[in-house]
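Structure file coords-v3.cif (mmCIF, C-alpha atoms) follows.
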data_data
#
loop_
_atom_site.group_PDB
_atom_site.id
_atom_site.type_symbol
_atom_site.label_atom_id
_atom_site.label_comp_id
_atom_site.auth_asym_id
_atom_site.auth_seq_id
_atom_site.Cartn_x
_atom_site.Cartn_y
_atom_site.Cartn_z
ATOM 1 C CA MET A 1 0.000 0.000 0.000
ATOM 2 C CA GLN A 2 1.414 3.379 -1.000
ATOM 3 C CA GLU A 3 1.345 6.034 1.708
ATOM 4 C CA CYS A 4 0.599 9.659 0.989
ATOM 5 C CA PRO A 5 3.888 11.625 1.207
ATOM 6 C CA ARG A 6 2.268 14.325 3.369
ATOM 7 C CA ALA A 7 1.404 11.725 6.038
ATOM 8 C CA GLN A 8 4.958 11.943 7.396
ATOM 9 C CA LYS A 9 4.217 15.271 9.159
ATOM 10 C CA SER A 10 1.291 16.311 11.297
ATOM 11 C CA ALA A 11 -1.318 18.586 9.755
ATOM 12 C CA ALA A 12 -0.151 21.445 11.985
ATOM 13 C CA GLU A 13 3.434 21.034 10.753
ATOM 14 C CA ARG A 14 2.332 20.950 7.100
ATOM 15 C CA ALA A 15 0.181 24.054 7.525
ATOM 16 C CA GLY A 16 3.132 25.851 9.115
ATOM 17 C CA ASP A 17 5.384 24.800 6.235
ATOM 18 C CA GLN A 18 2.889 26.170 3.729
ATOM 19 C CA GLU A 19 2.427 29.391 5.675
ATOM 20 C CA ILE A 20 6.134 30.235 5.641
ATOM 21 C CA GLY A 21 6.905 28.638 2.269
ATOM 22 C CA ARG A 22 9.106 25.675 3.170
ATOM 23 C CA GLY A 23 8.802 21.925 2.910
ATOM 24 C CA PRO A 24 7.286 19.710 0.232
ATOM 25 C CA ALA A 25 3.745 20.974 0.860
ATOM 26 C CA ALA A 26 4.883 24.494 -0.052
ATOM 27 C CA ARG A 27 6.317 23.330 -3.402
ATOM 28 C CA ARG A 28 3.190 21.665 -4.706
ATOM 29 C CA PRO A 29 -0.524 22.166 -4.220
ATOM 30 C CA LEU A 30 -2.297 19.848 -1.808
ATOM 31 C CA SER A 31 -4.464 17.241 -3.480
ATOM 32 C CA PRO A 32 -6.434 14.218 -2.352
ATOM 33 C CA CYS A 33 -4.210 11.179 -1.806
ATOM 34 C CA PRO A 34 -5.062 7.956 -3.597
ATOM 35 C CA ALA A 35 -4.869 5.977 -0.333
ATOM 36 C CA MET A 36 -8.013 4.211 0.864
ATOM 37 C CA PRO A 37 -9.914 6.801 2.939
ATOM 38 C CA ALA A 38 -11.760 5.969 6.134
ATOM 39 C CA ASP A 39 -15.521 6.143 6.557
ATOM 40 C CA LEU A 40 -16.106 8.781 9.250
ATOM 41 C CA SER A 41 -19.911 8.673 8.986
ATOM 42 C CA GLY A 42 -21.889 8.494 12.184
ATOM 43 C CA THR A 43 -22.956 10.267 15.330
ATOM 44 C CA TRP A 44 -20.144 10.916 17.799
ATOM 45 C CA ASN A 45 -20.211 12.152 21.418
ATOM 46 C CA LEU A 46 -17.276 13.961 23.041
ATOM 47 C CA LEU A 47 -15.323 11.872 25.561
ATOM 48 C CA SER A 48 -12.283 14.058 26.244
ATOM 49 C CA SER A 49 -10.710 17.349 25.279
ATOM 50 C CA ASP A 50 -7.118 18.453 25.864
ATOM 51 C CA ASN A 51 -5.990 22.125 25.572
ATOM 52 C CA PHE A 52 -9.336 23.426 24.301
ATOM 53 C CA ASP A 53 -8.830 26.649 26.276
ATOM 54 C CA GLY A 54 -5.410 27.258 24.683
ATOM 55 C CA TYR A 55 -6.851 26.670 21.215
ATOM 56 C CA MET A 56 -9.771 29.042 21.847
ATOM 57 C CA LEU A 57 -7.368 31.676 23.240
ATOM 58 C CA ALA A 58 -5.325 31.448 20.010
ATOM 59 C CA LEU A 59 -8.567 32.064 18.077
ATOM 60 C CA GLY A 60 -9.190 35.200 20.154
ATOM 61 C CA ILE A 61 -12.337 33.911 21.849
ATOM 62 C CA ASP A 62 -13.278 35.947 24.929
ATOM 63 C CA PHE A 63 -12.859 34.698 28.514
ATOM 64 C CA ALA A 64 -16.561 34.151 29.325
ATOM 65 C CA THR A 65 -17.235 32.192 26.126
ATOM 66 C CA ARG A 66 -14.126 30.037 26.688
ATOM 67 C CA LYS A 67 -15.246 29.145 30.220
ATOM 68 C CA ILE A 68 -18.731 28.145 29.038
ATOM 69 C CA ALA A 69 -17.424 26.258 25.982
ATOM 70 C CA LYS A 70 -15.075 24.147 28.129
ATOM 71 C CA LEU A 71 -18.114 22.763 29.989
ATOM 72 C CA LEU A 72 -19.928 21.634 26.825
ATOM 73 C CA LYS A 73 -20.062 18.070 25.530
ATOM 74 C CA PRO A 74 -20.680 18.549 21.799
ATOM 75 C CA GLN A 75 -22.009 15.897 19.477
ATOM 76 C CA LYS A 76 -20.752 15.515 15.897
ATOM 77 C CA VAL A 77 -22.851 14.072 13.105
ATOM 78 C CA ILE A 78 -20.766 13.271 10.059
ATOM 79 C CA GLU A 79 -22.413 12.423 6.750
ATOM 80 C CA GLN A 80 -19.960 11.099 4.175
ATOM 81 C CA ASN A 81 -20.778 10.254 0.581
ATOM 82 C CA GLY A 82 -17.485 9.401 -1.111
ATOM 83 C CA ASN A 83 -15.455 12.617 -0.879
ATOM 84 C CA SER A 84 -18.460 14.821 -0.043
ATOM 85 C CA PHE A 85 -18.959 15.657 3.626
ATOM 86 C CA THR A 86 -21.453 17.383 5.863
ATOM 87 C CA ILE A 87 -20.323 17.798 9.462
ATOM 88 C CA HIS A 88 -22.797 19.069 12.058
ATOM 89 C CA THR A 89 -21.481 19.960 15.516
ATOM 90 C CA TYR A 90 -24.242 20.375 18.089
ATOM 91 C CA SER A 91 -23.991 21.819 21.599
ATOM 92 C CA SER A 92 -26.260 23.637 24.017
ATOM 93 C CA LEU A 93 -24.359 26.902 23.319
ATOM 94 C CA ARG A 94 -23.927 26.897 19.525
ATOM 95 C CA ASN A 95 -24.292 24.651 16.515
ATOM 96 C CA TYR A 96 -21.948 24.587 13.540
ATOM 97 C CA LEU A 97 -22.349 23.162 10.036
ATOM 98 C CA VAL A 98 -19.696 22.714 7.370
ATOM 99 C CA THR A 99 -20.176 21.092 3.959
ATOM 100 C CA PHE A 100 -17.282 20.405 1.591
ATOM 101 C CA THR A 101 -15.795 18.139 -1.046
ATOM 102 C CA VAL A 102 -12.306 16.747 -0.479
ATOM 103 C CA GLY A 103 -9.744 18.415 -2.741
ATOM 104 C CA GLU A 104 -11.876 21.502 -3.502
ATOM 105 C CA GLU A 105 -11.001 24.783 -1.782
ATOM 106 C CA PHE A 106 -14.018 26.579 -0.321
ATOM 107 C CA GLU A 107 -14.864 29.760 1.556
ATOM 108 C CA GLU A 108 -15.659 28.910 5.176
ATOM 109 C CA GLU A 109 -17.415 31.230 7.575
ATOM 110 C CA ASN A 110 -16.781 30.050 11.121
ATOM 111 C CA LYS A 111 -20.058 31.375 12.541
ATOM 112 C CA GLY A 112 -20.532 30.202 16.082
ATOM 113 C CA LEU A 113 -16.787 29.636 16.508
ATOM 114 C CA ASP A 114 -14.600 32.718 16.080
ATOM 115 C CA ASN A 115 -16.769 34.273 13.331
ATOM 116 C CA ARG A 116 -13.851 34.597 10.899
ATOM 117 C CA LYS A 117 -13.871 33.806 7.187
ATOM 118 C CA CYS A 118 -11.124 31.685 5.702
ATOM 119 C CA LYS A 119 -10.247 29.656 2.628
ATOM 120 C CA SER A 120 -10.319 25.972 3.555
ATOM 121 C CA LEU A 121 -8.927 22.954 1.737
ATOM 122 C CA VAL A 122 -9.669 19.447 2.992
ATOM 123 C CA THR A 123 -7.528 16.518 1.806
ATOM 124 C CA TRP A 124 -6.968 12.878 2.687
ATOM 125 C CA ASP A 125 -3.647 12.106 4.361
ATOM 126 C CA SER A 126 -3.805 8.320 4.180
ATOM 127 C CA ASP A 127 -6.860 7.640 6.405
ATOM 128 C CA ARG A 128 -6.881 11.094 8.035
ATOM 129 C CA LEU A 129 -9.165 13.880 6.855
ATOM 130 C CA THR A 130 -7.124 17.093 7.112
ATOM 131 C CA CYS A 131 -8.162 20.719 6.649
ATOM 132 C CA VAL A 132 -5.812 23.669 6.190
ATOM 133 C CA GLN A 133 -7.496 27.038 6.733
ATOM 134 C CA LYS A 134 -5.925 30.192 5.291
ATOM 135 C CA GLY A 135 -7.045 33.512 6.682
ATOM 136 C CA GLU A 136 -6.493 35.958 9.496
ATOM 137 C CA LYS A 137 -5.078 33.314 11.853
ATOM 138 C CA LYS A 138 -1.884 31.518 10.901
ATOM 139 C CA ASN A 139 -1.213 27.773 10.975
ATOM 140 C CA ARG A 140 -4.886 26.943 11.428
ATOM 141 C CA GLY A 141 -6.850 23.794 10.629
ATOM 142 C CA TRP A 142 -7.925 20.380 11.854
ATOM 143 C CA THR A 143 -7.565 16.635 11.315
ATOM 144 C CA HIS A 144 -10.162 13.865 11.869
ATOM 145 C CA TRP A 145 -9.317 10.165 12.017
ATOM 146 C CA ILE A 146 -10.611 6.929 13.518
ATOM 147 C CA GLU A 147 -8.670 4.552 15.778
ATOM 148 C CA GLY A 148 -10.606 1.536 16.910
ATOM 149 C CA ASP A 149 -14.077 2.727 17.886
ATOM 150 C CA LYS A 150 -13.000 6.339 18.587
ATOM 151 C CA LEU A 151 -13.079 9.437 16.384
ATOM 152 C CA HIS A 152 -10.150 11.764 16.997
ATOM 153 C CA LEU A 153 -10.076 15.472 16.196
ATOM 154 C CA GLU A 154 -6.923 17.591 16.362
ATOM 155 C CA MET A 155 -7.554 21.326 15.953
ATOM 156 C CA PHE A 156 -4.635 23.725 15.640
ATOM 157 C CA CYS A 157 -4.141 27.476 15.478
ATOM 158 C CA GLU A 158 -1.020 29.611 15.908
ATOM 159 C CA GLY A 159 0.932 26.927 17.767
ATOM 160 C CA GLN A 160 -1.915 25.744 20.025
ATOM 161 C CA VAL A 161 -3.188 22.190 19.501
ATOM 162 C CA CYS A 162 -6.423 20.847 20.961
ATOM 163 C CA LYS A 163 -6.980 17.089 20.910
ATOM 164 C CA GLN A 164 -10.501 15.735 21.263
ATOM 165 C CA THR A 165 -11.752 12.161 21.349
ATOM 166 C CA PHE A 166 -15.314 11.099 20.466
ATOM 167 C CA GLN A 167 -17.197 7.813 21.007
ATOM 168 C CA ARG A 168 -19.785 6.551 18.535
ATOM 169 C CA ALA A 169 -23.292 7.247 19.892
#
Show the structure stored in the file as C-alpha cells.
Amino acid sequence: MQECPRAQKSAAERAGDQEIGRGPAARRPLSPCPAMPADLSGTWNLLSSDNFDGYMLALGIDFATRKIAKLLKPQKVIEQNGNSFTIHTYSSLRNYLVTFTVGEEFEEENKGLDNRKCKSLVTWDSDRLTCVQKGEKKNRGWTHWIEGDKLHLEMFCEGQVCKQTFQRA
C-alpha cells in the first residue's frame, strides 16, 4: 500500500510549512491522496478534550465564552458520501455546520466559533481527513481520524493544539 507523502508530518506542521513557504507541501498544491480513505460517517459524542482553552485563546475567543465552551459536551454528526462531507457539531451553546468536497477549496465562515472567514482545503492524508485554513489566523486547521471505535479530532491554530476524542453514539 502506497502512503501519501504528506502523512509523514502532522497537519499542523504541514500548515506551518505552507504558511512560511518551506517543505514539500509548499512546493506543490495539496491534493487528495489515492490511499483508501476511512468512513467517518456516524454520530459521535465527546469523551475528552485536551488544551481546548489554549486553542480558543489562540482564536481570540473571549474569557466568558471560553469558560462556558469548556463545559460543553458537543455531538458531531458526520455524513460522508465518497469525498463529499457534511459535518454538524451540536452543543447547548452553539451549533456549527460545514459542507465540503475533499480536494476543492471553499470559503468557510466560522459562525458560532470565532466568526472569521477563511479559505479551507480538505484533503486525505492516508486515512486522516485534514483541513488547512488560510485567513487571518496563521497555521490553522484540523484533522479527523478513527482509531478503533474512537473518532479523533486535532484542531490547531497559531501553535496551540487541541486534541478531542469522540465515542460513537
Go through range 51-78 of chain A and flag each residue having an atom no more than 10 Å from range 156-169 of chain A; for those, report the closest pair of atoms plus their distance in Å to one decimal, using all atoms listed in the file, ordered by chain and rising number, as a Markdown table.
| residue | atom | partner | partner_atom | distance |
| --- | --- | --- | --- | --- |
| A:Asn51 | CA | A:Cys162 | CA | 4.8 |
| A:Phe52 | CA | A:Cys162 | CA | 5.1 |
| A:Asp53 | CA | A:Cys162 | CA | 8.2 |
| A:Gly54 | CA | A:Gln160 | CA | 6.0 |
| A:Tyr55 | CA | A:Gln160 | CA | 5.2 |
| A:Met56 | CA | A:Cys157 | CA | 8.6 |
| A:Leu57 | CA | A:Gln160 | CA | 8.7 |
| A:Ala58 | CA | A:Cys157 | CA | 6.1 |
| A:Leu59 | CA | A:Cys157 | CA | 6.9 |
| A:Lys73 | CA | A:Phe166 | CA | 9.8 |
| A:Pro74 | CA | A:Phe166 | CA | 9.3 |
| A:Gln75 | CA | A:Phe166 | CA | 8.3 |
| A:Lys76 | CA | A:Phe166 | CA | 8.4 |
| A:Val77 | CA | A:Ala169 | CA | 9.6 |
Using C-alpha atoms, can you export the residues from the last selection as a PDB file, keeping the file's coordinate frame?
ATOM      1  CA  ASN A  51      -5.990  22.125  25.572  1.00  0.00           C
ATOM      2  CA  PHE A  52      -9.336  23.426  24.301  1.00  0.00           C
ATOM      3  CA  ASP A  53      -8.830  26.649  26.276  1.00  0.00           C
ATOM      4  CA  GLY A  54      -5.410  27.258  24.683  1.00  0.00           C
ATOM      5  CA  TYR A  55      -6.851  26.670  21.215  1.00  0.00           C
ATOM      6  CA  MET A  56      -9.771  29.042  21.847  1.00  0.00           C
ATOM      7  CA  LEU A  57      -7.368  31.676  23.240  1.00  0.00           C
ATOM      8  CA  ALA A  58      -5.325  31.448  20.010  1.00  0.00           C
ATOM      9  CA  LEU A  59      -8.567  32.064  18.077  1.00  0.00           C
ATOM     10  CA  LYS A  73     -20.062  18.070  25.530  1.00  0.00           C
ATOM     11  CA  PRO A  74     -20.680  18.549  21.799  1.00  0.00           C
ATOM     12  CA  GLN A  75     -22.009  15.897  19.477  1.00  0.00           C
ATOM     13  CA  LYS A  76     -20.752  15.515  15.897  1.00  0.00           C
ATOM     14  CA  VAL A  77     -22.851  14.072  13.105  1.00  0.00           C
TER      15      VAL A  77
END
Which residue of A:Ser92, A:Thr65, A:Gln133, A:Thr123 approaches Glu107 in chain A most closely, using all atoms listed in the file | A:Gln133
Residues within 8 Å of (-14.2, 26.6, -1.2), file coords, all atoms listed in the file, listed as number ranges by chain = A: 100, 104-108, 119-121
Ile146 in chain A surroundings by all atoms listed in the file, 9 Å radius, close-in-sequence under 6 positions cut, as a compact mmCIF listing (two decimals) with C-alpha atoms, in the coordinates of the input:
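This went into out-v9.txt:
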# COMPACT_ATOMS: atom_id res chain seq x y z
CA ALA A 38 -11.76 5.97 6.13
CA ASP A 39 -15.52 6.14 6.56
CA LEU A 40 -16.11 8.78 9.25
CA ASP A 127 -6.86 7.64 6.40
CA ARG A 128 -6.88 11.09 8.04
CA HIS A 152 -10.15 11.76 17.00
CA LEU A 153 -10.08 15.47 16.20
Using only C-alpha atoms, which of the listed residues (A:His144, A:Glu154, A:Ile68, A:Gln80) sits closest to Ser126 in chain A?
->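 Ranking A:His144, A:Glu154, A:Ile68, A:Gln80 by distance to Ser126 in chain A, first place goes to A:His144.
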Report as a list in words the residues that result from applying the PyMOL selection byres ((chain A and resi 138) around 8) to the structure here.
->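 Those residues are Gly16, Glu19, Lys134, Gly135, Glu136, Lys137, Asn139, Arg140, Cys157 and Glu158 of chain A.
In this comparison, which uses only C-alpha atoms, the residue of A:Asn115, A:Ser84, A:Glu109, A:Glu147 approaching Ile61 in chain A most closely is A:Asn115.
The nearest approach to Gly60 in chain A among the residues A:Leu93, A:Asp125, A:Val102, A:Arg116, with all atoms listed in the file taken into account, belongs to A:Arg116.
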Between A:Phe63, A:Lys70, A:Arg94, A:Thr89, which one has atoms that come closest to Asn45 in chain A, using only C-alpha atoms?
->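 Residue with the minimum atom-to-atom distance to Asn45 in chain A: A:Thr89.
With distances taken over all atoms listed in the file, A:Pro37 is the one residue among A:Gly82, A:Gly148, A:Pro37, A:Gly42 lying closest to Thr130 in chain A.
CA of Trp142 in chain A is positioned 21.6 Å from CA of Lys67 in chain A.
With only C-alpha atoms taken into account, the protein and nucleic acid residues at most 10 Å from Glu79 in chain A (excluding it and anything under 6 positions from it in its own chain) are Asp39, Leu40, Ser41, Gly42, Thr43, Phe85, Thr86, Ile87, His88 and Thr99 of chain A.
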Would you save the residues of that selection, restricted to C-alpha atoms, as an mmCIF file, keeping the file's coordinate frame?
data_model
loop_
_atom_site.group_PDB
_atom_site.id
_atom_site.type_symbol
_atom_site.label_atom_id
_atom_site.label_comp_id
_atom_site.auth_asym_id
_atom_site.auth_seq_id
_atom_site.Cartn_x
_atom_site.Cartn_y
_atom_site.Cartn_z
ATOM 1 C CA ASP A 39 -15.521 6.143 6.557
ATOM 2 C CA LEU A 40 -16.106 8.781 9.250
ATOM 3 C CA SER A 41 -19.911 8.673 8.986
ATOM 4 C CA GLY A 42 -21.889 8.494 12.184
ATOM 5 C CA THR A 43 -22.956 10.267 15.330
ATOM 6 C CA PHE A 85 -18.959 15.657 3.626
ATOM 7 C CA THR A 86 -21.453 17.383 5.863
ATOM 8 C CA ILE A 87 -20.323 17.798 9.462
ATOM 9 C CA HIS A 88 -22.797 19.069 12.058
ATOM 10 C CA THR A 99 -20.176 21.092 3.959
#
CA of Cys131 in chain A to CA of Asn81 in chain A: how many Å, to one decimal?
-> 17.5 Å
Mind pulling up the distance from CA of Ala69 in chain A to CA of Leu47 in chain A?
->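 Separating CA of Leu47 in chain A from CA of Ala69 in chain A is a distance of 14.5 Å.
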